[in-house]
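Chemist: This is the structure I have questions about; it appears just below.
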Amino acid sequence: MCVSKCTARKVNSMDIEIRQCLTKAETLRDTDALKAAYTLIKDVTKGKSAADARSLCPELYVVCAEQAIQLGCPEVGKDCLMMYFESGPAANQFLSRAYLCQGQLTSPVTFGSVVDVEKAMLYFLKAIEISKEQPRYHFLVFNASVLYFQMIQPLLRPGFRQHLVSSLAQVVKALEEIGEADHRWRAQLMLLVPIAAASKAVLILLCFSIHAINKTEKNKAGSDAECFPV
């Protein structure tokens, strides 16, 4: 678990206790420790301990959300992210990680509609845009690309691939911009771009064909009506 020091803030006993609970939750996969950390965070955020609230690191919301996802506690994760975003976070690695969490929590468990997948996709793309700006955050671009690929599986089927053209291009471009060393992974994603683009082209061609057929049939119907008036 990566938890940086919170600069310009005094780390107090509450902060330390939360970190200890989160470390235990990660190491032992202990949901009770996770819930203990979550309860402490909520108490601080709700102002039950004003002195502690001033020194609580916003990153703890994100780390708690990450552990909640790993331990199968999505509601805890969603609440932690809500508190984090309400704190007005800076654009750093924790904002990127928060977007990755949001994307995972938003991803539909079963494929319902393209809109549901695209909503989750947007969070991964936001994480990529932030992370690619700083070399020390580049590992998050790779992580985001993996989560993105896992999430878009339902759209890789014929009839849905055209919805991936823009986002796939963004992911591939970002990996290229940061000089991602895993060339096999980059190639795997890159190969999907023309497939998705071809699907979109076929769909456009099909729409034009249907339109042309309908127009021809309409003109023919009009011509027949003139030849055989009622």
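Labeling convention for the structure tokens: chains A, B, ... as they appear, residues from 1 per chain, ligands from 1 in order of appearance.
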Could you tell me, as a ChimeraX atom specification, which residues of stretch 106-207 of chain A DSSP assigns to alpha helix (DSSP H) when given the backbone?
Modeler: /A:106,114-131,138-151,165-177,183-207
Chemist: Go ahead and dump the residues you just picked, C-alpha atoms, as a JSON list (two decimals), in the first residue's frame.
Modeler:
```
[["chain", "number", "residue", "atom", "x", "y", "z"],
["A", 106, "THR", "CA", -19.05, 2.15, -11.78],
["A", 114, "VAL", "CA", -23.11, 0.75, -23.91],
["A", 115, "VAL", "CA", -23.82, 3.87, -21.85],
["A", 116, "ASP", "CA", -23.02, 2.03, -18.60],
["A", 117, "VAL", "CA", -19.64, 0.91, -19.91],
["A", 118, "GLU", "CA", -18.84, 4.34, -21.36],
["A", 119, "LYS", "CA", -19.56, 5.97, -18.01],
["A", 120, "ALA", "CA", -16.98, 3.79, -16.28],
["A", 121, "MET", "CA", -14.60, 4.23, -19.21],
["A", 122, "LEU", "CA", -14.57, 7.98, -18.65],
["A", 123, "TYR", "CA", -13.06, 7.62, -15.17],
["A", 124, "PHE", "CA", -10.19, 5.50, -16.47],
["A", 125, "LEU", "CA", -9.48, 8.07, -19.17],
["A", 126, "LYS", "CA", -9.46, 10.86, -16.57],
["A", 127, "ALA", "CA", -6.94, 8.91, -14.50],
["A", 128, "ILE", "CA", -4.74, 8.48, -17.58],
["A", 129, "GLU", "CA", -4.82, 12.18, -18.45],
["A", 130, "ILE", "CA", -3.65, 13.16, -14.96],
["A", 131, "SER", "CA", -1.06, 10.41, -14.58],
["A", 138, "HIS", "CA", 3.30, 6.81, -15.20],
["A", 139, "PHE", "CA", 2.74, 3.44, -13.53],
["A", 140, "LEU", "CA", -0.87, 4.51, -13.07],
["A", 141, "VAL", "CA", -1.28, 4.94, -16.83],
["A", 142, "PHE", "CA", -0.40, 1.28, -17.26],
["A", 143, "ASN", "CA", -2.71, 0.27, -14.40],
["A", 144, "ALA", "CA", -5.53, 2.29, -15.94],
["A", 145, "SER", "CA", -5.01, 0.67, -19.34],
["A", 146, "VAL", "CA", -5.31, -2.80, -17.78],
["A", 147, "LEU", "CA", -8.51, -1.88, -15.92],
["A", 148, "TYR", "CA", -9.86, -0.27, -19.08],
["A", 149, "PHE", "CA", -9.19, -3.42, -21.11],
["A", 150, "GLN", "CA", -10.88, -5.63, -18.53],
["A", 151, "MET", "CA", -13.91, -3.36, -18.46],
["A", 165, "VAL", "CA", -12.60, 3.82, -31.45],
["A", 166, "SER", "CA", -11.98, 7.08, -29.59],
["A", 167, "SER", "CA", -11.14, 5.69, -26.14],
["A", 168, "LEU", "CA", -8.84, 2.97, -27.49],
["A", 169, "ALA", "CA", -6.92, 5.56, -29.47],
["A", 170, "GLN", "CA", -6.52, 7.69, -26.32],
["A", 171, "VAL", "CA", -5.22, 4.77, -24.26],
["A", 172, "VAL", "CA", -2.77, 3.64, -26.95],
["A", 173, "LYS", "CA", -1.53, 7.20, -27.44],
["A", 174, "ALA", "CA", -1.00, 7.70, -23.70],
["A", 175, "LEU", "CA", 1.06, 4.51, -23.43],
["A", 176, "GLU", "CA", 3.15, 5.70, -26.34],
["A", 177, "GLU", "CA", 3.63, 9.16, -24.82],
["A", 183, "HIS", "CA", 5.60, -3.36, -25.96],
["A", 184, "ARG", "CA", 3.58, -6.56, -26.15],
["A", 185, "TRP", "CA", 0.80, -4.95, -24.13],
["A", 186, "ARG", "CA", 0.90, -1.82, -26.26],
["A", 187, "ALA", "CA", 0.74, -3.93, -29.42],
["A", 188, "GLN", "CA", -2.24, -5.89, -28.09],
["A", 189, "LEU", "CA", -4.22, -2.70, -27.56],
["A", 190, "MET", "CA", -2.97, -1.15, -30.79],
["A", 191, "LEU", "CA", -4.29, -4.10, -32.81],
["A", 192, "LEU", "CA", -7.78, -3.43, -31.46],
["A", 193, "VAL", "CA", -7.87, 0.11, -32.86],
["A", 194, "PRO", "CA", -8.22, -0.82, -36.57],
["A", 195, "ILE", "CA", -10.68, -3.57, -35.67],
["A", 196, "ALA", "CA", -12.88, -1.06, -33.85],
["A", 197, "ALA", "CA", -12.42, 1.50, -36.62],
["A", 198, "ALA", "CA", -13.38, -1.08, -39.26],
["A", 199, "SER", "CA", -16.52, -1.91, -37.30],
["A", 200, "LYS", "CA", -17.41, 1.77, -37.24],
["A", 201, "ALA", "CA", -16.76, 2.10, -40.97],
["A", 202, "VAL", "CA", -18.93, -0.95, -41.69],
["A", 203, "LEU", "CA", -21.71, 0.50, -39.55],
["A", 204, "ILE", "CA", -21.56, 3.83, -41.39],
["A", 205, "LEU", "CA", -21.57, 2.04, -44.75],
["A", 206, "LEU", "CA", -24.53, -0.05, -43.64],
["A", 207, "CYS", "CA", -26.45, 3.06, -42.59]]
```
Chemist: Give me the residues near A:Tyr84 as a list in words, where near means some atom within 9 Å (using only C-alpha atoms) and where sequence neighbours in that chain fewer than 2 positions away do not count.
Modeler: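 Once the nearby chain positions are removed, what remains is Pro58, Glu59, Leu60, Tyr61, Val62, Asp79, Cys80, Leu81, Met82, Glu86, Ser87, Gly88, Pro89, Leu95 and Ala98 of chain A.
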Chemist: Mind writing the picked residues with N, CA and C atoms as an mmCIF file, in the first residue's frame?
Modeler:
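And here's result12.cif as it stands now:
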```
data_model
loop_
_atom_site.group_PDB
_atom_site.id
_atom_site.type_symbol
_atom_site.label_atom_id
_atom_site.label_comp_id
_atom_site.auth_asym_id
_atom_site.auth_seq_id
_atom_site.Cartn_x
_atom_site.Cartn_y
_atom_site.Cartn_z
ATOM 1 N N PRO A 58 -6.175 13.628 2.995
ATOM 2 C CA PRO A 58 -7.200 13.216 2.026
ATOM 3 C C PRO A 58 -6.889 11.876 1.369
ATOM 4 N N GLU A 59 -5.606 11.539 1.280
ATOM 5 C CA GLU A 59 -5.217 10.280 0.638
ATOM 6 C C GLU A 59 -5.804 9.064 1.346
ATOM 7 N N LEU A 60 -6.107 9.218 2.642
ATOM 8 C CA LEU A 60 -6.639 8.080 3.396
ATOM 9 C C LEU A 60 -8.004 7.647 2.868
ATOM 10 N N TYR A 61 -8.772 8.594 2.347
ATOM 11 C CA TYR A 61 -10.054 8.237 1.734
ATOM 12 C C TYR A 61 -9.822 7.286 0.558
ATOM 13 N N VAL A 62 -8.812 7.610 -0.243
ATOM 14 C CA VAL A 62 -8.528 6.823 -1.447
ATOM 15 C C VAL A 62 -7.999 5.440 -1.082
ATOM 16 N N ASP A 79 -18.553 5.472 -0.513
ATOM 17 C CA ASP A 79 -18.681 6.530 0.485
ATOM 18 C C ASP A 79 -17.344 7.241 0.701
ATOM 19 N N CYS A 80 -16.262 6.474 0.725
ATOM 20 C CA CYS A 80 -14.933 7.074 0.896
ATOM 21 C C CYS A 80 -14.604 7.998 -0.272
ATOM 22 N N LEU A 81 -14.945 7.576 -1.469
ATOM 23 C CA LEU A 81 -14.680 8.408 -2.645
ATOM 24 C C LEU A 81 -15.519 9.680 -2.618
ATOM 25 N N MET A 82 -16.746 9.564 -2.170
ATOM 26 C CA MET A 82 -17.603 10.741 -2.086
ATOM 27 C C MET A 82 -17.001 11.765 -1.118
ATOM 28 N N GLU A 86 -15.403 15.488 -2.157
ATOM 29 C CA GLU A 86 -15.966 16.657 -1.479
ATOM 30 C C GLU A 86 -14.885 17.493 -0.790
ATOM 31 N N SER A 87 -13.712 16.898 -0.572
ATOM 32 C CA SER A 87 -12.626 17.618 0.099
ATOM 33 C C SER A 87 -11.865 18.538 -0.850
ATOM 34 N N GLY A 88 -12.210 18.512 -2.136
ATOM 35 C CA GLY A 88 -11.527 19.354 -3.115
ATOM 36 C C GLY A 88 -10.083 18.944 -3.319
ATOM 37 N N PRO A 89 -9.840 17.705 -3.736
ATOM 38 C CA PRO A 89 -8.477 17.175 -3.835
ATOM 39 C C PRO A 89 -7.644 17.821 -4.939
ATOM 40 N N LEU A 95 -5.660 11.523 -6.798
ATOM 41 C CA LEU A 95 -6.839 11.828 -7.612
ATOM 42 C C LEU A 95 -6.953 10.805 -8.737
ATOM 43 N N ALA A 98 -8.161 7.664 -7.257
ATOM 44 C CA ALA A 98 -9.585 7.784 -6.935
ATOM 45 C C ALA A 98 -10.436 7.541 -8.175
#
```
Chemist: Stretch 30-37 of chain A: which residues within 9 Å, counting only C-alpha atoms, same-chain residues fewer than 4 positions away excluded, as a list of chain:residue names?
Modeler: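 Neighbouring residues, sequence-local ones excluded: A:Glu17, A:Ile18, A:Arg19, A:Gln20, A:Cys21, A:Leu22, A:Thr23, A:Lys24, A:Ala25, A:Glu26, A:Ile41, A:Lys42, A:Cys64, A:Gln67, A:Ala68, A:Leu71, A:Gly72, A:Cys73, A:Val76.
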Chemist: Just the number, please: distance in Å from atom CA of A:Ser113 to atom CA of A:Arg157, one decimal.
Modeler: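 Going from atom CA of A:Ser113 over to atom CA of A:Arg157 covers 13.1 Å.
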Chemist: What does the structure give for the distance between atom CA of A:Leu105 and atom CA of A:Asp43, in Å to one decimal?
Modeler: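 The value is 23.4 Å.
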